[in-house]
Structures are given as C-alpha cells and as structure tokens.
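Visitor: This is the structure I have questions about; it appears just below.
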Amino acid sequence: MMRGAGTRGRLAAGVAFAALFLSAAPGLAQSDSEPSQSAMVNLIRLLVKQKVISQQSADALLKEAQQEAAQARHAKVAAAPVPIPEERPIPPPAPGVVRVPYVPQIVKNQIRDEVKAEVLEEAKAENWAQPNTLPAWVKRITWDGDFRFRDEFDLYGKNNIGSDGVDGFVNYAAFNANGPTDVNPNTILNNIPFLDTTANRYNLLSIRARFGFTANVADGVRVGVRLATGRDNSPVSTTQLLGGGFGKKDIWLDQGFIALEPLPEATITLGRMADPFFHTDLVYDENLNFDGVTLASQMKSPWVRNLDLFETLGLFPVGYIDQNFPTYSPIKSGDRTEFLLGGQIGTDWKRPRYDWRFAVSLYRYINAQGELSQPCPIYLGTKQCSTDDTVPPFMQKGNTLFLIRSIIPNPPTNYAQPQFAGLVFNYEELDATSAFDLKVGHDYHLIVTGDYVRNLTYDPSVAYRYAQQGSFPVTNFNPQTRTLLSGPNAFMGSVLFGDPEPRTRWAWNITGGYKYIQPDAVLDAFNDHDFHMGGTNAKGYFLKASLGIFDDTWLSARWFSANEVYGPPLAIDVMQLDLNAAF
C-alpha cells in the first residue's frame, strides 16, 4: 500500500527525531501519563488516544525509530576521521518553557488523512470492519408488511330465507365455479349449492399476512412485489381461515408492478397494482388490487391556493375467453375479453385546519353482461353451449342473474339441464366521493365521508329481453307477478373521530356509518366482502373502533348489521375482533 508506506515513513521519521531527542536527553523519557517535551512523541500518544493506531503499533514505531537513531549515531562515529568530542546532554529547558519543534498544519493534516486511509484499508483486508459490505442496489429497496389475527362471528336472522327448510338462497358463485350445474326440477335439491342463511358460526379464527418490497431501479422507475395469504384466489379477501387439520396455508402473488415517472407530475403503472382510485368500499373492497395499466397525474391548481388537482385513467382486463373455446369444436369463438375502463378526476383542498378531498369517477365494464346461447342439444352429448364464455369470472351475491343456456328439451321430462348463470345488466357506475377531514386537536380528527353510486346502464326492460325464449331472471325477480325487484342506486355515509391511523400506544378512533346498496348499483364481485358478507342488495349500519397498544400494533373491533333491500328476508350480522401489526 503506497499511501500506507508513506505514512509509516513519515511517522518513523518523526519518531526517529523524537528518539534522537530522547537519547540525547535521557531525562526527558517520561511515562505515558506525563506530557513529553517532544512534539512528535506527543503526536504519537494523541494518535493512540484517538484510536488511529494501536498502542502496540506506537511502541513498535518508537522502538524502530530508536534503533534507526542508534544506527545513525554509530555510522556517524565510524565515518568521522577524528574522534569527536563527547556529546553533551542537552540541558533541560528553564521552568515554564516547553521546547516544541515546528510542524506545519498541512503536514499534520496529510499525516492524519493518510493514517486514516491506511487503517481503513487494513480493516477491510483483515475483515474486521466492512463499511461497504452491502451492494448499492440493496439501499434502493424498501420493505413493508403487515399481519392480522382475527376472531369472527357470523350471525343470521331467525326469519331468514331457508328457515322453513323448503326455500333456500342459491349460492350462484359456487353454482358457476363448480358448474355447469343441473337444474332439473326433479333433482334440483341434490345438485344446487345453497348459502348458509340460518346457522350461526362462532370463533372463526383466521390470519392475514402480507409482505413485499418496492425497488427504486433508477430515477423514475420503481418495481413492486407483494405476497399475501388467502384460502382461495378471491380478489376481495386475503384472509386465511385457520384449522384444516393444521395443513400448510397458501401464499398468492398479491401485487407485482412496474411504475414509470416520465414527468414529476405523472406516473404510468403496469401490472398488478394497488387500487389507484379514491372511493369507499361501497364500490371496491379495501383488499382489491387491479390488473392492467393506469396513468395518474397530479398538479397544483393555478386558480386556488393549496388546491391539488388529480386524475387517473385505467384499463383493466377482468377476464379472458379461453383461447380454445369451444374446446370440443374445430371452429373457435372470436375474442371476447371483459374489460374495466376507469376514469377519475378530483380535487384535494389542503388547509391548516382541514383537508377536503372530492372526486367523480366513471367505471365502465365491457362484455360483462351475459348472453343467451343458441339452442343447445345437451341430450346429444354437447358439452359446451355458444355463450358459456359470458359467465362472470367471479361473483359474490346480489346482482340480477339469468340462466344463459337455451337447452333443447329432450322428450322425456327427466332430462339433464346443466346451466350457468350470467349477469342480466351491464354496469357503468358513476361514483361521487367526498371526504372532509377536520383537525380538532393535535392528535384528533373528525372525518366525514360520503359516497353515491348510480349504474347508468340500468334499464328494467333489459331483464325481459329473452322473454320470448322463455328466459327470465332467477334472482331479484318475482316469477308469479313477473316483477323485477332491483335498482341502480347506492350510497353510504360515515363519521370517524380520533386518530385516523392509531399506530402509537393509546391512540384510538371510533367510526359509525350507514350503507344502502340496491341489487344492480355496482358489480357485486368487487365491493366490501364483510358488510352483509359481500355483494349488493343490502342495507344497514356499521360500527368500528381501534386502539393502539404498542407502536405499529393495534386492536380493532368491527360490527356490521345488514338486511336485504328487496326479496326474501336475509339478515346477517358480522362481528370481527382483530389484532394488527404493521412495519
């Protein structure tokens, strides 16, 4: 090490000078605890005290310098032609006088820097100090995650549909997922899946665990990945029920995206991303992530101080047709991808005492509506009908449905009638959302939130478009009077008081609110899965409370009480007790 050698040489030269001085004046050799009259000796002691060099190295330097000084004296004596007089010892200075050789400041600084560099290089070489151990890319990654343990109680009204043991509430999500399902009236009770509407369920213990990272790949480029639990691939829940014979639990890809920022005010995100829109769970569940592409921008208002303007545009594929549909025919169906087009504009007015956020959104679904098939000869062994590809990829409950297969009757009355259910209506949801956050203290907020949604494509006459083929809705419909029991509107309001995010000890908040959701106001697949246990055609209130017990650790309790808007009675209450932690 060239720099280290230079440093060592300078130190040795200085120490040699000190040794010569000490050897010439033995009375000046002092203990370490006493100040020396040699500046170089004092410098070495200071380097030891500042831990730049070790005591052992300092002793070695002094010893080496003394040896070199002794060799220099002997060489000088041997080379002299005549004996030189005996050196007289340098007399000690007068009391109060300190003899200090002059060392320029620039030399001191150079010695200090070179000694420091030598020590660091030696530390790296000997592997006892590694300041640059981690590669640079690690510093560009941030990690986050959360965990929730839940105890849930699902409670049903005593007069709910199904309490008579005759009628029941068909589980059309399972009907399609396990279908096609035979609806032959003679075998219907053996084939049709029904929801539980009467038997309470207590102490349903579950967990939710999410873990991910975001990497700043370069200026304006971010990549994010997150994993999450979940007992199935439901888009609205990452809850994993415990039990199941202590079997291992599943992990799913919850997010995976790349975000580009061509301008400071604009972001393009591609992949599976967090919800990019401002709304409430009246429209989309808080756990829902979106697949596709979004363009989001934000700018300061040129007209009003402290007013931000924002907009978001998105294209999201909801479901693809099987590329081999129909599987059992050489002639394949054309493309029919179900898309969600989303657009939102909004404002965020920030003042010292309050923050008022407002947005208007339009969510338009393309190819979500079901279609009645061409006459389908199931009795001849046909396994697929022409519109099987219009089955929704995911459902909860509440939307108006009809059976999409036009099955040709087989003369005997007891023929198989395997069916799928499709959506009667299309959905073009106009949503207006407002949240007013008033700061009433250092840690307390009063947040009033409102949300209103209307399905602009709702038209009752559409429910009868296949009446000539004998097909009518099988939900939200009175077959005796042939009356549609549905509507296109939904609204909610809530009030929160306290700390919006109780992440510190004893921080708290309480929330109360009311929801009203007509059956076809929104697509039931994606809204809140806790209120009325998911879906639409529900009204009722909810209460929530949270309390921080440690930093980033809090307890929460939630109560949902909901009834049906139309149709037979279906009252469902849900209580949830949660322990949450996040990092």
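Residues are referred to by chain and number: the chain letter is A, B, ... according to the order shown in the structure tokens, the number counts from 1 in that chain, and ligands are numbered separately from 1 in the order shown.
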What lies within 6 Å of region 247-252 of chain A using only C-alpha atoms, ignoring chain neighbours under 5 positions off, as a ChimeraX atom specification?

Guide: /A:227-229

Visitor: Filtering to C-alpha atoms, could you give me those residues as a compact mmCIF listing (two decimals), in the first residue's frame?

Guide:
```
# COMPACT_ATOMS: atom_id res chain seq x y z
CA LEU A 227 -47.15 -11.73 -1.40
CA ALA A 228 -50.26 -12.43 0.68
CA THR A 229 -52.20 -15.25 2.29
```

Visitor: Show me, as CSV, the residues of region 142-191 of chain A having an atom within 12 Å of region 406-416 of chain A, each with the closest atom pair and its distance in Å, using only C-alpha atoms.

Guide:
```
residue,atom,partner,partner_atom,distance
A:Pro180,CA,A:Ala416,CA,10.8
A:Thr181,CA,A:Ala416,CA,9.5
A:Asp182,CA,A:Ala416,CA,6.2
A:Val183,CA,A:Ala416,CA,7.7
A:Asn184,CA,A:Ala416,CA,6.1
A:Pro185,CA,A:Asn414,CA,8.4
A:Asn186,CA,A:Asn414,CA,7.0
A:Thr187,CA,A:Asn414,CA,8.8
A:Ile188,CA,A:Ala416,CA,10.5
A:Asn191,CA,A:Ala416,CA,11.2
```

Visitor: If you count only C-alpha atoms, which residues fall within 8 Å of region 200-214 of chain A, apart from same-chain ones fewer than 4 positions away, as a PyMOL selection string?

Guide: chain A and resi 141-156+222-230+238-242

Visitor: Would you pick out the contacts of region 447-462 of chain A at 8 Å or less, using only C-alpha atoms, so that residues sharing its chain but fewer than 2 positions from it are not included, and give the list as JSON, numbers by chain?

Guide: {"A": [279, 280, 282, 283, 424, 425, 426, 427, 428, 429, 430, 431, 432, 433, 434, 435, 436, 437, 438, 445, 464, 465, 484, 487, 488, 489, 490, 491, 492, 493, 494, 495, 496, 497, 520, 521, 522]}

Visitor: My list of candidates is A:Pro235, A:Pro500, A:Gly370, A:Pro104. Which is closest to Leu253 (chain A) when distances are computed with only C-alpha atoms?

Guide: A:Pro235

Visitor: With the cut-off set at 8 Å and counting only C-alpha atoms, tabulate each residue of region 420-471 of chain A with an atom at most that distance from an atom of region 383-405 of chain A, showing the nearest atom pair and its distance in Å to one decimal, ordered by chain and increasing number, as a Markdown table.

Guide:
```
| residue | atom | partner | partner_atom | distance |
| --- | --- | --- | --- | --- |
| A:Phe420 | CA | A:Leu403 | CA | 5.7 |
| A:Ala421 | CA | A:Leu403 | CA | 4.5 |
| A:Gly422 | CA | A:Val391 | CA | 5.3 |
| A:Leu423 | CA | A:Leu401 | CA | 4.7 |
| A:Val424 | CA | A:Leu401 | CA | 5.3 |
| A:Phe425 | CA | A:Thr400 | CA | 7.3 |
| A:Ser471 | CA | A:Phe402 | CA | 7.3 |
```

Visitor: Mind writing the picked residues with C-alpha atoms as an mmCIF file, in the first residue's frame?

Guide:
```
data_model
loop_
_atom_site.group_PDB
_atom_site.id
_atom_site.type_symbol
_atom_site.label_atom_id
_atom_site.label_comp_id
_atom_site.auth_asym_id
_atom_site.auth_seq_id
_atom_site.Cartn_x
_atom_site.Cartn_y
_atom_site.Cartn_z
ATOM 1 C CA PHE A 420 -74.518 -21.414 -15.926
ATOM 2 C CA ALA A 421 -75.729 -18.055 -14.577
ATOM 3 C CA GLY A 422 -74.884 -14.730 -16.216
ATOM 4 C CA LEU A 423 -75.483 -11.064 -15.457
ATOM 5 C CA VAL A 424 -78.732 -9.549 -16.728
ATOM 6 C CA PHE A 425 -77.384 -5.991 -16.850
ATOM 7 C CA SER A 471 -85.836 -16.934 -20.123
#
```

Visitor: Taking only region 407-469 of chain A into account, list the residues labelled helix (DSSP H, G or I) by DSSP (computed from the backbone), as number ranges by chain.

Guide: A: 460-464, 467-469

Visitor: For the residues in the current selection, export C-alpha atoms as a compact mmCIF listing (two decimals), in the first residue's frame.

Guide:
```txt
# COMPACT_ATOMS: atom_id res chain seq x y z
CA PRO A 460 -85.61 -2.66 -16.23
CA SER A 461 -86.73 -3.63 -19.72
CA VAL A 462 -83.41 -5.38 -20.31
CA ALA A 463 -84.49 -8.02 -17.78
CA TYR A 464 -87.16 -9.16 -20.26
CA ALA A 467 -88.79 -13.40 -22.59
CA GLN A 468 -89.76 -14.80 -25.99
CA GLN A 469 -87.30 -17.62 -25.48
```

Visitor: Taking only region 287-396 of chain A into account, list the residues labelled strand (DSSP E) by DSSP (computed from the backbone), as a short mmCIF file (atom, residue, chain, number, x, y, z; two decimals) with N, CA and C atoms, in the first residue's frame.

Guide:
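Written out: result-v1.cif:
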```cif
data_model
loop_
_atom_site.label_atom_id
_atom_site.label_comp_id
_atom_site.auth_asym_id
_atom_site.auth_seq_id
_atom_site.Cartn_x
_atom_site.Cartn_y
_atom_site.Cartn_z
N ASN A 289 -56.98 -5.43 -5.52
CA ASN A 289 -55.91 -4.91 -6.37
C ASN A 289 -56.37 -4.98 -7.82
N PHE A 290 -55.74 -4.18 -8.67
CA PHE A 290 -56.17 -4.06 -10.06
C PHE A 290 -55.09 -4.60 -11.00
N ASP A 291 -55.52 -5.33 -12.04
CA ASP A 291 -54.63 -5.83 -13.08
C ASP A 291 -54.77 -4.95 -14.31
N GLY A 292 -53.66 -4.42 -14.81
CA GLY A 292 -53.75 -3.64 -16.03
C GLY A 292 -52.77 -2.50 -16.09
N VAL A 293 -53.24 -1.35 -16.63
CA VAL A 293 -52.39 -0.19 -16.87
C VAL A 293 -53.12 1.05 -16.37
N THR A 294 -52.41 1.93 -15.66
CA THR A 294 -53.01 3.19 -15.23
C THR A 294 -52.07 4.34 -15.56
N LEU A 295 -52.69 5.50 -15.78
CA LEU A 295 -51.96 6.76 -15.92
C LEU A 295 -52.54 7.71 -14.89
N ALA A 296 -51.73 8.15 -13.96
CA ALA A 296 -52.17 9.05 -12.89
C ALA A 296 -51.33 10.30 -12.92
N SER A 297 -51.96 11.46 -12.68
CA SER A 297 -51.24 12.72 -12.64
C SER A 297 -51.81 13.60 -11.55
N GLN A 298 -51.00 14.53 -11.09
CA GLN A 298 -51.41 15.45 -10.04
C GLN A 298 -50.69 16.78 -10.26
N MET A 299 -51.40 17.88 -10.05
CA MET A 299 -50.81 19.20 -10.26
C MET A 299 -51.46 20.20 -9.33
N LYS A 300 -50.78 21.32 -9.11
CA LYS A 300 -51.32 22.40 -8.31
C LYS A 300 -52.32 23.20 -9.14
N LEU A 307 -54.79 24.02 -3.44
CA LEU A 307 -55.72 23.09 -4.10
C LEU A 307 -54.96 22.25 -5.11
N ASP A 308 -54.98 20.91 -4.92
CA ASP A 308 -54.36 19.98 -5.86
C ASP A 308 -55.43 19.39 -6.76
N LEU A 309 -55.10 19.23 -8.01
CA LEU A 309 -55.97 18.56 -8.98
C LEU A 309 -55.35 17.21 -9.33
N PHE A 310 -56.17 16.15 -9.39
CA PHE A 310 -55.63 14.84 -9.74
C PHE A 310 -56.57 14.12 -10.68
N GLU A 311 -56.00 13.25 -11.46
CA GLU A 311 -56.80 12.43 -12.39
C GLU A 311 -56.13 11.07 -12.55
N THR A 312 -56.96 10.07 -12.82
CA THR A 312 -56.48 8.70 -13.02
C THR A 312 -57.27 8.06 -14.14
N LEU A 313 -56.58 7.44 -15.07
CA LEU A 313 -57.19 6.68 -16.14
C LEU A 313 -56.65 5.26 -16.09
N GLY A 314 -57.53 4.28 -16.31
CA GLY A 314 -57.07 2.89 -16.22
C GLY A 314 -57.78 1.97 -17.18
N LEU A 315 -57.03 0.98 -17.65
CA LEU A 315 -57.57 -0.10 -18.49
C LEU A 315 -57.22 -1.40 -17.81
N PHE A 316 -58.26 -2.20 -17.45
CA PHE A 316 -58.03 -3.40 -16.66
C PHE A 316 -58.76 -4.59 -17.28
N PRO A 317 -58.02 -5.63 -17.69
CA PRO A 317 -58.69 -6.85 -18.16
C PRO A 317 -59.25 -7.62 -16.97
N VAL A 318 -60.55 -7.88 -16.99
CA VAL A 318 -61.20 -8.61 -15.90
C VAL A 318 -61.23 -10.10 -16.18
N GLY A 319 -61.44 -10.48 -17.41
CA GLY A 319 -61.48 -11.90 -17.75
C GLY A 319 -61.27 -12.12 -19.24
N GLU A 338 -63.33 -9.36 -21.20
CA GLU A 338 -64.08 -8.44 -20.34
C GLU A 338 -63.11 -7.42 -19.76
N PHE A 339 -63.40 -6.14 -20.00
CA PHE A 339 -62.54 -5.05 -19.55
C PHE A 339 -63.28 -4.15 -18.56
N LEU A 340 -62.50 -3.51 -17.72
CA LEU A 340 -62.98 -2.39 -16.91
C LEU A 340 -62.20 -1.16 -17.34
N LEU A 341 -62.93 -0.13 -17.75
CA LEU A 341 -62.35 1.17 -18.06
C LEU A 341 -62.69 2.10 -16.92
N GLY A 342 -61.68 2.68 -16.30
CA GLY A 342 -61.90 3.57 -15.17
C GLY A 342 -61.31 4.94 -15.41
N GLY A 343 -62.06 5.97 -15.04
CA GLY A 343 -61.58 7.33 -15.16
C GLY A 343 -62.03 8.14 -13.95
N GLN A 344 -61.14 8.98 -13.44
CA GLN A 344 -61.46 9.76 -12.25
C GLN A 344 -60.78 11.12 -12.33
N ILE A 345 -61.52 12.16 -11.92
CA ILE A 345 -60.95 13.48 -11.73
C ILE A 345 -61.34 13.95 -10.33
N GLY A 346 -60.45 14.69 -9.68
CA GLY A 346 -60.76 15.10 -8.32
C GLY A 346 -59.92 16.27 -7.86
N THR A 347 -60.26 16.76 -6.70
CA THR A 347 -59.54 17.86 -6.08
C THR A 347 -59.22 17.50 -4.63
N ASP A 348 -58.15 18.10 -4.15
CA ASP A 348 -57.74 17.92 -2.76
C ASP A 348 -57.35 19.30 -2.22
N TRP A 349 -58.22 19.86 -1.38
CA TRP A 349 -58.01 21.21 -0.86
C TRP A 349 -57.46 21.10 0.55
N LYS A 350 -56.20 21.45 0.71
CA LYS A 350 -55.50 21.29 1.98
C LYS A 350 -55.30 22.63 2.66
N TYR A 354 -58.06 21.80 7.91
CA TYR A 354 -58.86 20.75 7.29
C TYR A 354 -58.27 20.33 5.95
N ASP A 355 -58.74 19.18 5.49
CA ASP A 355 -58.37 18.62 4.19
C ASP A 355 -59.65 18.09 3.56
N TRP A 356 -60.04 18.67 2.42
CA TRP A 356 -61.29 18.26 1.76
C TRP A 356 -60.94 17.64 0.41
N ARG A 357 -61.27 16.36 0.27
CA ARG A 357 -60.97 15.61 -0.94
C ARG A 357 -62.28 15.21 -1.62
N PHE A 358 -62.37 15.44 -2.91
CA PHE A 358 -63.59 15.14 -3.65
C PHE A 358 -63.23 14.60 -5.03
N ALA A 359 -63.97 13.60 -5.51
CA ALA A 359 -63.68 13.02 -6.83
C ALA A 359 -64.96 12.50 -7.47
N VAL A 360 -64.98 12.57 -8.78
CA VAL A 360 -66.05 11.97 -9.59
C VAL A 360 -65.41 10.93 -10.49
N SER A 361 -65.99 9.73 -10.51
CA SER A 361 -65.40 8.62 -11.24
C SER A 361 -66.45 7.95 -12.12
N LEU A 362 -65.96 7.33 -13.19
CA LEU A 362 -66.82 6.51 -14.04
C LEU A 362 -66.11 5.18 -14.26
N TYR A 363 -66.77 4.10 -13.86
CA TYR A 363 -66.23 2.75 -14.03
C TYR A 363 -67.14 2.00 -15.01
N ARG A 364 -66.62 1.72 -16.18
CA ARG A 364 -67.42 1.09 -17.23
C ARG A 364 -66.89 -0.31 -17.52
N TYR A 365 -67.77 -1.29 -17.42
CA TYR A 365 -67.43 -2.68 -17.71
C TYR A 365 -67.85 -3.01 -19.14
N ILE A 366 -66.96 -3.64 -19.87
CA ILE A 366 -67.22 -4.05 -21.25
C ILE A 366 -67.26 -5.57 -21.31
#
```
